[in-house]
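What's in my_file_15.cif: mmCIF, C-alpha atoms
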```cif
data_start
#
loop_
_atom_site.label_atom_id
_atom_site.label_comp_id
_atom_site.auth_asym_id
_atom_site.auth_seq_id
_atom_site.Cartn_x
_atom_site.Cartn_y
_atom_site.Cartn_z
CA MET A 1136 15.04 3.66 38.22
CA ILE A 1137 11.58 5.16 38.57
CA GLY A 1138 11.55 8.92 38.10
CA ALA A 1139 9.22 11.58 39.50
CA VAL A 1140 7.08 11.65 36.32
CA GLN A 1141 6.50 7.91 36.47
CA VAL A 1142 5.51 8.05 40.15
CA LEU A 1143 3.16 10.97 39.50
CA LEU A 1144 1.50 9.16 36.60
CA LEU A 1145 1.15 5.92 38.55
CA LEU A 1146 -0.57 7.85 41.35
CA LEU A 1147 -2.83 9.49 38.72
CA VAL A 1148 -3.74 6.04 37.37
CA ALA A 1149 -4.61 4.82 40.86
CA PHE A 1150 -6.70 7.94 41.50
CA GLY A 1151 -8.27 7.84 38.03
CA SER A 1152 -9.33 4.21 38.21
CA MET A 1153 -11.02 4.91 41.54
CA GLN A 1154 -12.86 7.88 40.05
CA VAL A 1155 -14.06 5.77 37.09
CA VAL A 1156 -15.53 3.25 39.52
CA ARG A 1157 -17.04 6.02 41.67
CA THR A 1158 -18.79 7.60 38.68
CA ARG A 1159 -22.35 6.29 38.83
CA ASP A 1160 -23.94 7.54 35.60
CA PRO A 1161 -22.85 5.29 32.68
CA LEU A 1162 -22.60 8.21 30.24
CA ASN A 1163 -20.32 10.17 32.58
CA GLN A 1164 -18.44 6.97 33.17
CA ALA A 1165 -17.71 6.66 29.44
CA ILE A 1166 -16.09 10.12 29.51
CA ALA A 1167 -14.20 9.29 32.70
CA VAL A 1168 -12.88 6.02 31.27
CA SER A 1169 -11.75 7.90 28.17
CA LEU A 1170 -9.65 10.32 30.23
CA TYR A 1171 -8.38 7.41 32.30
CA GLY A 1172 -7.32 5.72 29.04
CA LEU A 1173 -5.26 8.78 28.10
CA VAL A 1174 -3.46 8.74 31.46
CA LEU A 1175 -2.77 5.03 31.04
CA ALA A 1176 -1.31 5.76 27.58
CA LEU A 1177 1.03 8.32 29.17
CA VAL A 1178 2.15 5.69 31.67
CA PHE A 1179 3.00 3.29 28.83
CA PHE A 1180 4.86 6.12 27.12
CA VAL A 1181 7.03 7.08 30.10
CA PHE A 1182 7.84 3.42 30.66
CA GLN A 1183 9.25 3.36 27.12
CA ALA A 1184 6.50 1.43 25.34
CA PRO A 1185 5.36 3.92 22.65
CA ASP A 1186 3.81 1.21 20.47
CA VAL A 1187 1.57 0.08 23.30
CA ALA A 1188 0.86 3.71 24.22
CA LEU A 1189 -0.49 4.36 20.71
CA SER A 1190 -2.70 1.27 20.89
CA GLN A 1191 -3.91 2.37 24.31
CA ILE A 1192 -4.80 5.85 23.03
CA VAL A 1193 -6.88 4.58 20.13
CA VAL A 1194 -8.55 1.76 22.06
CA GLY A 1195 -8.83 3.28 25.54
CA ALA A 1196 -9.65 6.85 24.59
CA VAL A 1197 -11.63 6.29 21.38
CA ALA A 1198 -12.88 2.77 20.73
CA LEU A 1199 -13.96 1.72 24.24
CA PRO A 1200 -15.87 4.93 25.18
CA LEU A 1201 -17.42 4.92 21.71
CA MET A 1202 -18.75 1.38 22.17
CA ILE A 1203 -20.13 2.30 25.60
CA VAL A 1204 -21.87 5.44 24.31
CA LEU A 1205 -23.33 3.64 21.28
CA THR A 1206 -24.58 0.82 23.51
CA LEU A 1207 -26.22 3.34 25.87
CA LEU A 1208 -27.85 5.00 22.85
CA LYS A 1209 -29.24 1.68 21.65
CA VAL A 1210 -30.51 0.71 25.09
CA LYS A 1211 -32.15 4.11 25.50
CA ARG A 1212 -33.91 3.76 22.15
CA ASN A 1213 -35.18 0.31 23.04
CA ASP A 1214 -36.43 1.66 26.38
CA GLN A 1215 -38.20 4.53 24.65
CA ALA A 1216 -39.79 2.18 22.16
CA ARG A 1217 -40.99 -0.15 24.90
CA ALA A 1218 -42.31 2.73 27.01
CA ALA A 1219 -44.26 4.06 24.05
CA GLU A 1220 -45.69 0.62 23.40
CA GLU A 1221 -46.74 0.21 27.02
CA ARG A 1222 -48.34 3.66 27.07
CA ALA A 1223 -50.33 2.79 23.96
CA GLN A 1224 -51.50 -0.47 25.48
CA ALA A 1225 -52.35 1.15 28.82
CA ASP A 1226 -54.51 3.69 26.99
CA GLY A 1227 -56.48 0.71 25.71
CA VAL A 1228 -57.10 2.14 22.27
CA GLU A 1229 -58.88 -0.59 20.33
CA GLY A 1230 -57.45 -1.53 16.94
CA ASP A 1231 -54.36 0.44 17.77
CA ALA A 1232 -52.66 -2.48 19.48
CA GLN A 1233 -50.94 -3.80 16.36
CA THR A 1234 -49.39 -0.46 15.43
CA PRO A 1235 -48.96 1.38 18.71
CA GLN A 1236 -48.19 5.05 18.22
CA PRO A 1237 -45.98 7.00 20.63
CA ALA A 1238 -47.94 9.37 22.82
CA GLU A 1239 -46.23 12.45 21.36
CA ALA A 1240 -47.30 11.57 17.84
CA ARG A 1241 -50.98 11.51 18.75
CA GLU A 1242 -51.01 14.84 20.50
CA MET B 135 -19.42 0.44 62.81
CA LYS B 136 -21.20 -1.74 60.35
CA ALA B 137 -20.09 -5.29 59.83
CA ARG B 138 -19.31 -4.72 56.17
CA MET B 139 -16.98 -1.82 57.03
CA ILE B 140 -15.04 -4.12 59.36
CA LEU B 141 -14.92 -6.73 56.63
CA PHE B 142 -13.68 -4.08 54.18
CA ALA B 143 -11.02 -2.81 56.61
CA LEU B 144 -9.74 -6.35 57.14
CA GLY B 145 -9.66 -7.01 53.40
CA ALA B 146 -8.01 -3.69 52.59
CA ALA B 147 -5.35 -4.20 55.27
CA GLY B 148 -4.62 -7.67 53.93
CA LEU B 149 -4.44 -6.45 50.35
CA ALA B 150 -2.14 -3.56 51.33
CA THR B 151 0.17 -5.95 53.18
CA VAL B 152 0.62 -8.38 50.29
CA THR B 153 0.78 -5.57 47.70
CA ILE B 154 3.57 -3.76 49.56
CA ALA B 155 5.39 -7.01 50.22
CA GLY B 156 5.08 -7.91 46.56
CA ALA B 157 6.07 -4.47 45.32
CA ARG B 158 9.32 -4.62 47.30
CA GLY B 159 10.46 -7.51 45.11
CA ILE B 160 9.74 -5.81 41.77
CA PRO B 161 12.87 -5.27 39.67
CA PRO B 162 13.55 -1.61 38.80
CA ALA B 163 11.70 -0.12 35.80
CA GLY B 164 13.45 -1.03 32.57
CA ALA B 165 15.29 -4.04 34.01
CA TYR B 166 15.26 -6.84 31.46
CA HIS B 167 16.95 -10.22 31.62
CA GLY B 168 15.63 -11.98 28.51
CA ALA B 169 18.14 -13.13 25.91
CA TYR B 170 15.62 -13.11 23.04
CA GLY B 171 14.95 -9.37 23.27
CA GLU B 172 18.64 -8.48 23.36
CA VAL B 173 19.30 -10.61 20.27
CA LEU B 174 16.40 -9.04 18.37
CA ASN B 175 17.49 -5.51 19.31
CA ALA B 176 20.92 -6.32 17.92
CA VAL B 177 19.92 -8.02 14.66
CA ALA B 178 16.42 -6.78 13.66
CA VAL B 179 17.46 -3.52 12.02
CA GLY B 180 20.18 -5.20 9.99
CA GLU B 181 18.20 -8.32 9.09
CA ARG B 182 14.81 -6.78 8.32
CA LYS B 183 15.61 -3.09 7.69
CA ALA B 184 12.87 -2.19 10.18
CA THR B 185 13.88 0.52 12.65
CA ASP B 186 10.85 -0.25 14.85
CA VAL B 187 11.82 -3.57 16.37
CA VAL B 188 8.35 -3.99 17.91
CA SER B 189 6.86 -4.02 14.40
CA ALA B 190 9.59 -6.38 13.23
CA VAL B 191 8.59 -8.81 15.99
CA ASN B 192 4.83 -8.41 15.47
CA PHE B 193 4.79 -8.64 11.69
CA ASP B 194 7.82 -10.75 10.90
CA TYR B 195 9.48 -12.84 13.61
CA ARG B 196 6.14 -13.58 15.27
CA GLY B 197 3.93 -12.74 12.26
CA LEU B 198 1.79 -15.83 12.80
CA ASP B 199 0.66 -14.56 16.23
CA THR B 200 -0.50 -11.32 14.67
CA LEU B 201 -2.44 -13.27 12.05
CA GLY B 202 -4.28 -14.89 14.96
CA GLU B 203 -4.92 -11.51 16.59
CA GLU B 204 -6.20 -10.13 13.32
CA PHE B 205 -8.76 -12.91 13.15
CA ILE B 206 -9.77 -12.31 16.77
CA LEU B 207 -10.84 -8.81 15.71
CA PHE B 208 -12.44 -10.21 12.55
CA ALA B 209 -14.42 -12.77 14.55
CA SER B 210 -15.46 -10.12 17.12
CA VAL B 211 -16.82 -7.83 14.40
CA ILE B 212 -18.76 -10.73 12.86
CA ALA B 213 -20.09 -11.71 16.29
CA VAL B 214 -21.30 -8.17 17.08
CA SER B 215 -22.91 -7.89 13.63
CA ALA B 216 -24.66 -11.21 14.16
CA ILE B 217 -25.91 -10.38 17.65
CA LEU B 218 -27.15 -6.89 16.75
CA ARG B 219 -28.67 -7.84 13.39
CA LYS B 220 -32.25 -6.98 12.62
CA GLN B 221 -34.41 -9.74 14.06
CA GLU B 222 -37.61 -10.88 12.42
CA ASP B 223 -39.82 -9.86 15.31
CA GLU B 224 -38.38 -6.35 15.17
CA GLU B 225 -39.70 -5.73 11.64
CA GLU B 226 -42.90 -4.34 13.10
CA ASP B 227 -41.03 -1.48 14.73
CA GLU B 228 -39.72 -0.19 11.45
CA SER B 229 -42.90 1.63 10.51
CA GLU B 230 -43.06 3.45 13.79
CA ASP B 231 -41.52 6.74 14.79
CA HIS B 232 -40.49 6.24 18.39
CA TRP B 233 -37.71 8.79 18.16
CA GLU B 234 -36.81 11.77 16.05
CA PRO B 235 -34.27 11.07 13.31
CA ARG B 236 -30.95 12.64 14.24
CA LYS B 237 -30.21 15.78 12.24
CA ALA B 238 -26.86 17.34 11.48
CA PRO B 239 -25.89 19.55 14.44
CA ASP B 240 -26.85 23.21 14.09
CA SER B 241 -23.63 24.39 15.67
CA ASP B 242 -21.25 25.91 13.12
CA ALA B 243 -18.34 25.41 15.52
CA VAL B 244 -18.89 21.64 15.64
CA ARG B 245 -19.10 21.37 11.86
CA VAL B 246 -16.02 23.57 11.24
CA LEU B 247 -14.05 21.56 13.78
CA ALA B 248 -15.05 18.32 12.06
CA VAL B 249 -14.10 19.70 8.62
CA MET B 250 -10.68 20.54 10.02
CA LEU B 251 -10.26 17.26 11.89
CA VAL B 252 -11.36 14.78 9.23
CA PRO B 253 -8.49 15.41 6.76
CA LEU B 254 -6.05 15.52 9.67
CA MET B 255 -7.23 12.14 10.97
CA VAL B 256 -7.10 10.60 7.48
CA CYS B 257 -3.56 11.88 6.87
CA PHE B 258 -2.36 10.86 10.32
CA GLY B 259 -3.98 7.42 9.96
CA ILE B 260 -2.35 6.80 6.58
CA TYR B 261 0.98 8.03 7.94
CA MET B 262 0.74 5.68 10.89
CA VAL B 263 -0.27 2.66 8.80
CA THR B 264 2.53 3.22 6.29
CA SER B 265 5.29 4.02 8.80
CA GLY B 266 4.81 0.91 10.94
CA ALA B 267 8.24 -0.46 10.07
CA VAL B 268 9.98 2.86 10.75
CA SER B 269 8.47 4.32 13.92
CA PRO B 270 6.00 3.36 16.66
CA GLY B 271 2.51 2.79 15.35
CA GLY B 272 1.46 0.55 12.53
CA GLY B 273 -1.56 -1.02 10.93
CA PHE B 274 -3.64 -1.51 14.05
CA GLN B 275 -3.18 1.95 15.56
CA GLY B 276 -3.40 3.67 12.17
CA GLY B 277 -6.47 1.66 11.27
CA VAL B 278 -8.39 2.82 14.34
CA VAL B 279 -7.31 6.42 13.67
CA LEU B 280 -8.62 6.07 10.10
CA ALA B 281 -11.90 4.70 11.44
CA THR B 282 -12.43 7.85 13.51
CA ALA B 283 -12.85 9.90 10.30
CA PRO B 284 -16.24 8.36 9.36
CA LEU B 285 -17.19 8.60 13.04
CA LEU B 286 -16.54 12.36 12.97
CA VAL B 287 -18.58 12.65 9.79
CA TYR B 288 -21.39 10.72 11.45
CA LEU B 289 -21.31 13.00 14.49
CA CYS B 290 -21.13 16.26 12.57
CA ALA B 291 -23.00 15.78 9.31
CA HIS B 292 -26.14 14.25 7.87
CA ALA B 293 -26.32 10.47 7.74
CA LYS B 294 -26.17 10.57 3.94
CA SER B 295 -22.64 11.99 4.12
CA TYR B 296 -21.68 9.10 6.37
CA LEU B 297 -23.08 6.57 3.94
CA ARG B 298 -21.30 8.31 1.05
CA ILE B 299 -17.82 8.04 2.57
CA ALA B 300 -18.42 4.64 4.22
CA PRO B 301 -20.86 2.72 2.00
CA PRO B 302 -21.64 -0.68 3.59
CA PRO B 303 -20.39 -2.77 0.60
CA LEU B 304 -17.04 -0.94 0.68
CA VAL B 305 -16.71 -1.38 4.46
CA LYS B 306 -17.60 -5.08 4.39
CA GLY B 307 -15.35 -5.61 1.37
CA GLY B 308 -12.48 -3.76 3.05
CA GLU B 309 -12.80 -5.91 6.15
CA ALA B 310 -12.70 -9.09 4.07
CA VAL B 311 -9.87 -7.91 1.77
CA GLY B 312 -7.78 -6.74 4.72
CA ALA B 313 -8.16 -9.97 6.66
CA ALA B 314 -7.54 -12.13 3.58
CA GLY B 315 -4.63 -9.89 2.51
CA TYR B 316 -2.64 -10.81 5.60
CA ALA B 317 -2.92 -14.51 4.81
CA LEU B 318 -2.15 -13.87 1.12
CA VAL B 319 1.04 -11.96 1.98
CA GLY B 320 1.95 -14.97 4.11
CA ILE B 321 1.35 -17.29 1.16
CA LEU B 322 3.80 -15.18 -0.92
CA GLY B 323 6.50 -16.89 1.15
CA LEU B 324 5.19 -20.34 0.14
CA PHE B 325 5.28 -19.38 -3.54
CA ALA B 326 8.91 -18.33 -3.12
CA GLY B 327 9.67 -21.78 -1.74
CA LYS B 328 10.14 -20.48 1.82
CA ALA B 329 8.08 -20.68 5.00
CA PHE B 330 4.60 -19.18 5.50
CA LEU B 331 4.88 -15.42 6.29
CA GLU B 332 8.60 -15.43 5.52
CA ASN B 333 9.91 -12.05 4.38
CA VAL B 334 10.47 -12.60 0.66
CA VAL B 335 9.92 -9.16 -0.92
CA PRO B 336 12.76 -6.60 -1.30
CA LEU B 337 13.56 -5.17 2.12
CA GLY B 338 14.47 -1.61 1.07
CA SER B 339 16.76 0.39 3.32
CA ALA B 340 16.26 0.98 7.03
CA GLY B 341 14.47 4.21 7.95
CA GLU B 342 12.98 4.78 4.47
CA ALA B 343 9.27 4.80 3.69
CA TRP B 344 9.66 1.47 1.89
CA SER B 345 11.47 -0.73 4.35
CA GLY B 346 10.92 -3.98 6.13
CA GLY B 347 9.52 -5.83 3.07
CA THR B 348 6.43 -7.79 4.14
CA ILE B 349 6.31 -5.80 7.40
CA PHE B 350 5.17 -2.82 5.32
CA LEU B 351 2.69 -4.90 3.28
CA LEU B 352 1.23 -6.60 6.36
CA ASN B 353 0.78 -3.22 8.06
CA LEU B 354 -1.21 -2.09 5.02
CA THR B 355 -3.53 -5.11 5.16
CA VAL B 356 -3.98 -4.78 8.92
CA GLY B 357 -4.69 -1.06 8.52
CA VAL B 358 -7.45 -1.76 5.98
CA ALA B 359 -8.91 -4.60 8.04
CA VAL B 360 -8.92 -2.70 11.34
CA ALA B 361 -10.28 0.54 9.86
CA ALA B 362 -13.06 -1.35 8.06
CA GLY B 363 -13.73 -3.49 11.12
CA PHE B 364 -14.23 -0.50 13.42
CA VAL B 365 -16.38 1.34 10.85
CA GLU B 366 -18.43 -1.84 10.47
CA LEU B 367 -18.96 -1.96 14.25
CA LEU B 368 -20.04 1.68 14.19
CA SER B 369 -22.38 0.99 11.26
CA VAL B 370 -23.97 -1.94 13.08
CA PHE B 371 -24.78 0.30 16.04
CA VAL B 372 -26.14 3.23 14.04
CA GLU B 373 -27.75 1.17 11.26
CA GLU B 374 -31.36 1.75 12.24
CA VAL B 375 -30.78 5.50 12.55
CA LEU B 376 -29.20 5.54 9.11
CA ARG B 377 -32.05 3.59 7.56
CA LYS B 378 -34.58 5.99 8.99
CA GLU B 379 -32.72 9.11 7.98
CA THR B 380 -32.00 8.10 4.42
CA LYS B 381 -35.50 6.94 3.61
#
```
Rewrite the structure from the file as structure tokens, please.
Amino acid sequence: MIGAVQVLLLLLVAFGSMQVVRTRDPLNQAIAVSLYGLVLALVFFVFQAPDVALSQIVVGAVALPLMIVLTLLKVKRNDQARAAEERAQADGVEGDAQTPQPAEARE
Amino acid sequence: MKARMILFALGAAGLATVTIAGARGIPPAGAYHGAYGEVLNAVAVGERKATDVVSAVNFDYRGLDTLGEEFILFASVIAVSAILRKQEDEEEDESEDHWEPRKAPDSDAVRVLAVMLVPLMVCFGIYMVTSGAVSPGGGFQGGVVLATAPLLVYLCAHAKSYLRIAPPPLVKGGEAVGAAGYALVGILGLFAGKAFLENVVPLGSAGEAWSGGTIFLLNLTVGVAVAAGFVELLSVFVEEVLRKETK
């Protein structure tokens, strides 16, 4: 028999998953998916699967958001590096093309 | 009304209809009609001295499946390391300073919290890895908890501290030893003249720290492999930052 706690948590999961999708900024989304992972772990727990709940906590609330955040960090760095390179080339500094310096460094 | 809203309304109505119709046929929560599970619940504690039957299934009765899962993680870590490795055409970038090296955070609160959390996470991780046969948890869950300790150090201290507690040779070695350890524990069974992964070491008594025989040993190897695997993933992502900061 499904109790009130189970129903409440299932509704929270439905609401939470929608909010994760509705979050547009990837960084905010990583935090949202982490919270969503915790709620999902609670659902596993109240449906008497504590082993799975523990796996869900460590993967859903720690590992997955961590991978997302680290990936965003790496992408951002690559973007910064490319932007700096393009700025240097747009400035048309001769002889500087092989070792383009970021704009901030030259100021 | 836009056409796509009509399309959505039609789709949503259809989905709701089949979902509700389907949900009406779901057996009540907790209903179970499999014979295999009932048998295991009845015999696992007596046969394997493991009070957590889920662990007994994962690491003993179906230990071979878990060996496969272990190598899925192993292969994933290798794949990520290979894809994110330093490419030859990136060498040029190394001399440049496109971004500021990350410093340890100035906030005392963050550092104090990390100092308090790191030993807690290490203790909890070791507890979880070692009590896999007794209570929920086990090598995988405990391993990821252990891996969060270096992550906290990375977030809250200088990169040198991170490299000191998680030196790359140790992490790579741990990953290899953990993954190989699982197979070696399985081979113990062959040496004893039994089947691969058969439980051949003393079982101990149910509920004690040492119980479950190879279930305990396999949890240890999985704990080492998973912890090292996740730290390795983290290291791959932050490698260039570390190189820059420790120069």
Original post:
Looking at all atoms listed in the file, which of B:Val214, B:Ile299, B:Cys290, B:Ala165 is the one that sits closest to Ala248 in chain B?
Top reply: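 Between B:Val214, B:Ile299, B:Cys290, B:Ala165, the residue approaching Ala248 in chain B most closely is B:Cys290.
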**OP:** Using all atoms listed in the file, find the residues of chain B whose closest atom to chain A is at most 7 Å away, then write them as an MDAnalysis selection string.
**Re:** chainID B and resid 162:163 230 232 270:271 275 278:279 371
Original post:
Applied to the shown file, which residues does the PyMOL selection byres ((chain B and resi 338-355) around 7) return, written as JSON, numbers by chain?
Top reply: {"B": [179, 182, 183, 184, 185, 190, 193, 194, 263, 264, 265, 266, 267, 268, 272, 273, 312, 313, 315, 316, 319, 333, 335, 336, 337, 356, 357, 358, 359]}
Original post:
Please, what distance in Å, to one decimal, runs between CA of Ala169 in chain B and CA of Val191 in chain B?
Top reply: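 Distance reported for this atom pair: 14.4 Å.
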**OP:** Translate the PyMOL selection byres ((chain A and resi 1142-1157) around 12), as applied to the file shown, into an explicit residue set as a PyMOL selection string.
**Re:** (chain A and resi 1136-1141+1158-1182) or (chain B and resi 163)
Keeping only C-alpha atoms, take the residues you just selected and write them out as a PDB file, keeping the file's coordinate frame.
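File out-v3.pdb, as written:
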```
ATOM      1  CA  MET A1136      15.040   3.660  38.220  1.00  0.00           C
ATOM      2  CA  ILE A1137      11.580   5.160  38.570  1.00  0.00           C
ATOM      3  CA  GLY A1138      11.550   8.920  38.100  1.00  0.00           C
ATOM      4  CA  ALA A1139       9.220  11.580  39.500  1.00  0.00           C
ATOM      5  CA  VAL A1140       7.080  11.650  36.320  1.00  0.00           C
ATOM      6  CA  GLN A1141       6.500   7.910  36.470  1.00  0.00           C
ATOM      7  CA  THR A1158     -18.790   7.600  38.680  1.00  0.00           C
ATOM      8  CA  ARG A1159     -22.350   6.290  38.830  1.00  0.00           C
ATOM      9  CA  ASP A1160     -23.940   7.540  35.600  1.00  0.00           C
ATOM     10  CA  PRO A1161     -22.850   5.290  32.680  1.00  0.00           C
ATOM     11  CA  LEU A1162     -22.600   8.210  30.240  1.00  0.00           C
ATOM     12  CA  ASN A1163     -20.320  10.170  32.580  1.00  0.00           C
ATOM     13  CA  GLN A1164     -18.440   6.970  33.170  1.00  0.00           C
ATOM     14  CA  ALA A1165     -17.710   6.660  29.440  1.00  0.00           C
ATOM     15  CA  ILE A1166     -16.090  10.120  29.510  1.00  0.00           C
ATOM     16  CA  ALA A1167     -14.200   9.290  32.700  1.00  0.00           C
ATOM     17  CA  VAL A1168     -12.880   6.020  31.270  1.00  0.00           C
ATOM     18  CA  SER A1169     -11.750   7.900  28.170  1.00  0.00           C
ATOM     19  CA  LEU A1170      -9.650  10.320  30.230  1.00  0.00           C
ATOM     20  CA  TYR A1171      -8.380   7.410  32.300  1.00  0.00           C
ATOM     21  CA  GLY A1172      -7.320   5.720  29.040  1.00  0.00           C
ATOM     22  CA  LEU A1173      -5.260   8.780  28.100  1.00  0.00           C
ATOM     23  CA  VAL A1174      -3.460   8.740  31.460  1.00  0.00           C
ATOM     24  CA  LEU A1175      -2.770   5.030  31.040  1.00  0.00           C
ATOM     25  CA  ALA A1176      -1.310   5.760  27.580  1.00  0.00           C
ATOM     26  CA  LEU A1177       1.030   8.320  29.170  1.00  0.00           C
ATOM     27  CA  VAL A1178       2.150   5.690  31.670  1.00  0.00           C
ATOM     28  CA  PHE A1179       3.000   3.290  28.830  1.00  0.00           C
ATOM     29  CA  PHE A1180       4.860   6.120  27.120  1.00  0.00           C
ATOM     30  CA  VAL A1181       7.030   7.080  30.100  1.00  0.00           C
ATOM     31  CA  PHE A1182       7.840   3.420  30.660  1.00  0.00           C
TER      32      PHE A1182
ATOM     33  CA  ALA B 163      11.700  -0.120  35.800  1.00  0.00           C
TER      34      ALA B 163
END
```
Subject >> Length of the CA of Ser269 in chain B to CA of Met250 in chain B vector [Å] >> reply: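 Between these atoms lies a distance of 25.4 Å.
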**OP:** Would you list the residues near (-7.1, 11.8, 6.8), meaning any protein, DNA or RNA residue with an atom at most 10 Å from that point in file coordinates, counting all atoms listed in the file, as a PyMOL selection string?
**Re:** chain B and resi 250-261+279-283
Original post:
What separation in Å, quoted to one decimal, exists between CA of Glu204 in chain B and CA of Tyr170 in chain B?
Top reply: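 Result for CA of Glu204 in chain B versus CA of Tyr170 in chain B: 24.1 Å, one decimal.
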Original post:
Nearest to Asn192 in chain B among B:Leu207, B:Val244, B:Ala291, B:Leu331, with distances taken over all atoms listed in the file: which residue is it?
Top reply: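 Of B:Leu207, B:Val244, B:Ala291, B:Leu331, the one nearest Asn192 in chain B, counting all atoms listed in the file, is B:Leu331.
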Original post:
Counting all atoms listed in the file, what is within 12 Å of Ser210 in chain B, bar same-chain residues fewer than 4 positions away, as a list in words?
Top reply: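 Contacts, with the query itself left out: Glu203, Glu204, Phe205, Ile206, Val214, Ser215, Ala216, Ile217, Val360, Gly363, Phe364, Glu366 and Leu367 of chain B.
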**OP:** Output the residue selection produced by the PyMOL selection byres ((chain B and resi 300) around 10) on the file above, formatted as a ChimeraX atom specification.
**Re:** /B:281,283-285,287-288,294-299,301-306,362,365-366,369
Kindly output range 171-187 of chain B as a PDB file, in the frame of the given file, after building N, CA and C atoms.
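See result33.pdb below for the written result:
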```
ATOM      1  N   GLY B 171      15.099 -10.782  23.564  1.00  0.00           N
ATOM      2  CA  GLY B 171      14.950  -9.370  23.270  1.00  0.00           C
ATOM      3  C   GLY B 171      16.271  -8.709  22.907  1.00  0.00           C
ATOM      4  N   GLU B 172      17.320  -9.068  23.643  1.00  0.00           N
ATOM      5  CA  GLU B 172      18.640  -8.480  23.360  1.00  0.00           C
ATOM      6  C   GLU B 172      19.098  -8.864  21.956  1.00  0.00           C
ATOM      7  N   VAL B 173      18.894 -10.135  21.606  1.00  0.00           N
ATOM      8  CA  VAL B 173      19.300 -10.610  20.270  1.00  0.00           C
ATOM      9  C   VAL B 173      18.548  -9.837  19.194  1.00  0.00           C
ATOM     10  N   LEU B 174      17.215  -9.728  19.375  1.00  0.00           N
ATOM     11  CA  LEU B 174      16.400  -9.040  18.370  1.00  0.00           C
ATOM     12  C   LEU B 174      16.824  -7.583  18.230  1.00  0.00           C
ATOM     13  N   ASN B 175      17.056  -6.907  19.364  1.00  0.00           N
ATOM     14  CA  ASN B 175      17.490  -5.510  19.310  1.00  0.00           C
ATOM     15  C   ASN B 175      18.773  -5.377  18.502  1.00  0.00           C
ATOM     16  N   ALA B 176      19.637  -6.393  18.604  1.00  0.00           N
ATOM     17  CA  ALA B 176      20.920  -6.320  17.920  1.00  0.00           C
ATOM     18  C   ALA B 176      20.788  -6.622  16.433  1.00  0.00           C
ATOM     19  N   VAL B 177      19.907  -7.566  16.047  1.00  0.00           N
ATOM     20  CA  VAL B 177      19.920  -8.020  14.660  1.00  0.00           C
ATOM     21  C   VAL B 177      18.749  -7.508  13.808  1.00  0.00           C
ATOM     22  N   ALA B 178      17.643  -7.050  14.443  1.00  0.00           N
ATOM     23  CA  ALA B 178      16.420  -6.780  13.660  1.00  0.00           C
ATOM     24  C   ALA B 178      16.627  -5.703  12.612  1.00  0.00           C
ATOM     25  N   VAL B 179      17.311  -4.615  12.979  1.00  0.00           N
ATOM     26  CA  VAL B 179      17.460  -3.520  12.020  1.00  0.00           C
ATOM     27  C   VAL B 179      18.303  -3.974  10.827  1.00  0.00           C
ATOM     28  N   GLY B 180      19.348  -4.721  11.079  1.00  0.00           N
ATOM     29  CA  GLY B 180      20.180  -5.200   9.990  1.00  0.00           C
ATOM     30  C   GLY B 180      19.490  -6.259   9.153  1.00  0.00           C
ATOM     31  N   GLU B 181      18.809  -7.189   9.794  1.00  0.00           N
ATOM     32  CA  GLU B 181      18.200  -8.320   9.090  1.00  0.00           C
ATOM     33  C   GLU B 181      16.954  -7.922   8.314  1.00  0.00           C
ATOM     34  N   ARG B 182      16.108  -7.053   8.913  1.00  0.00           N
ATOM     35  CA  ARG B 182      14.810  -6.780   8.320  1.00  0.00           C
ATOM     36  C   ARG B 182      14.647  -5.338   7.854  1.00  0.00           C
ATOM     37  N   LYS B 183      15.657  -4.503   8.076  1.00  0.00           N
ATOM     38  CA  LYS B 183      15.610  -3.090   7.690  1.00  0.00           C
ATOM     39  C   LYS B 183      14.416  -2.371   8.308  1.00  0.00           C
ATOM     40  N   ALA B 184      13.973  -2.842   9.480  1.00  0.00           N
ATOM     41  CA  ALA B 184      12.870  -2.190  10.180  1.00  0.00           C
ATOM     42  C   ALA B 184      13.437  -1.516  11.424  1.00  0.00           C
ATOM     43  N   THR B 185      13.310  -0.172  11.501  1.00  0.00           N
ATOM     44  CA  THR B 185      13.880   0.520  12.650  1.00  0.00           C
ATOM     45  C   THR B 185      12.995   0.398  13.885  1.00  0.00           C
ATOM     46  N   ASP B 186      11.710   0.009  13.693  1.00  0.00           N
ATOM     47  CA  ASP B 186      10.850  -0.250  14.850  1.00  0.00           C
ATOM     48  C   ASP B 186      10.861  -1.750  15.125  1.00  0.00           C
ATOM     49  N   VAL B 187      11.634  -2.145  16.122  1.00  0.00           N
ATOM     50  CA  VAL B 187      11.820  -3.570  16.370  1.00  0.00           C
ATOM     51  C   VAL B 187      10.509  -4.221  16.816  1.00  0.00           C
TER      52      VAL B 187
END
```
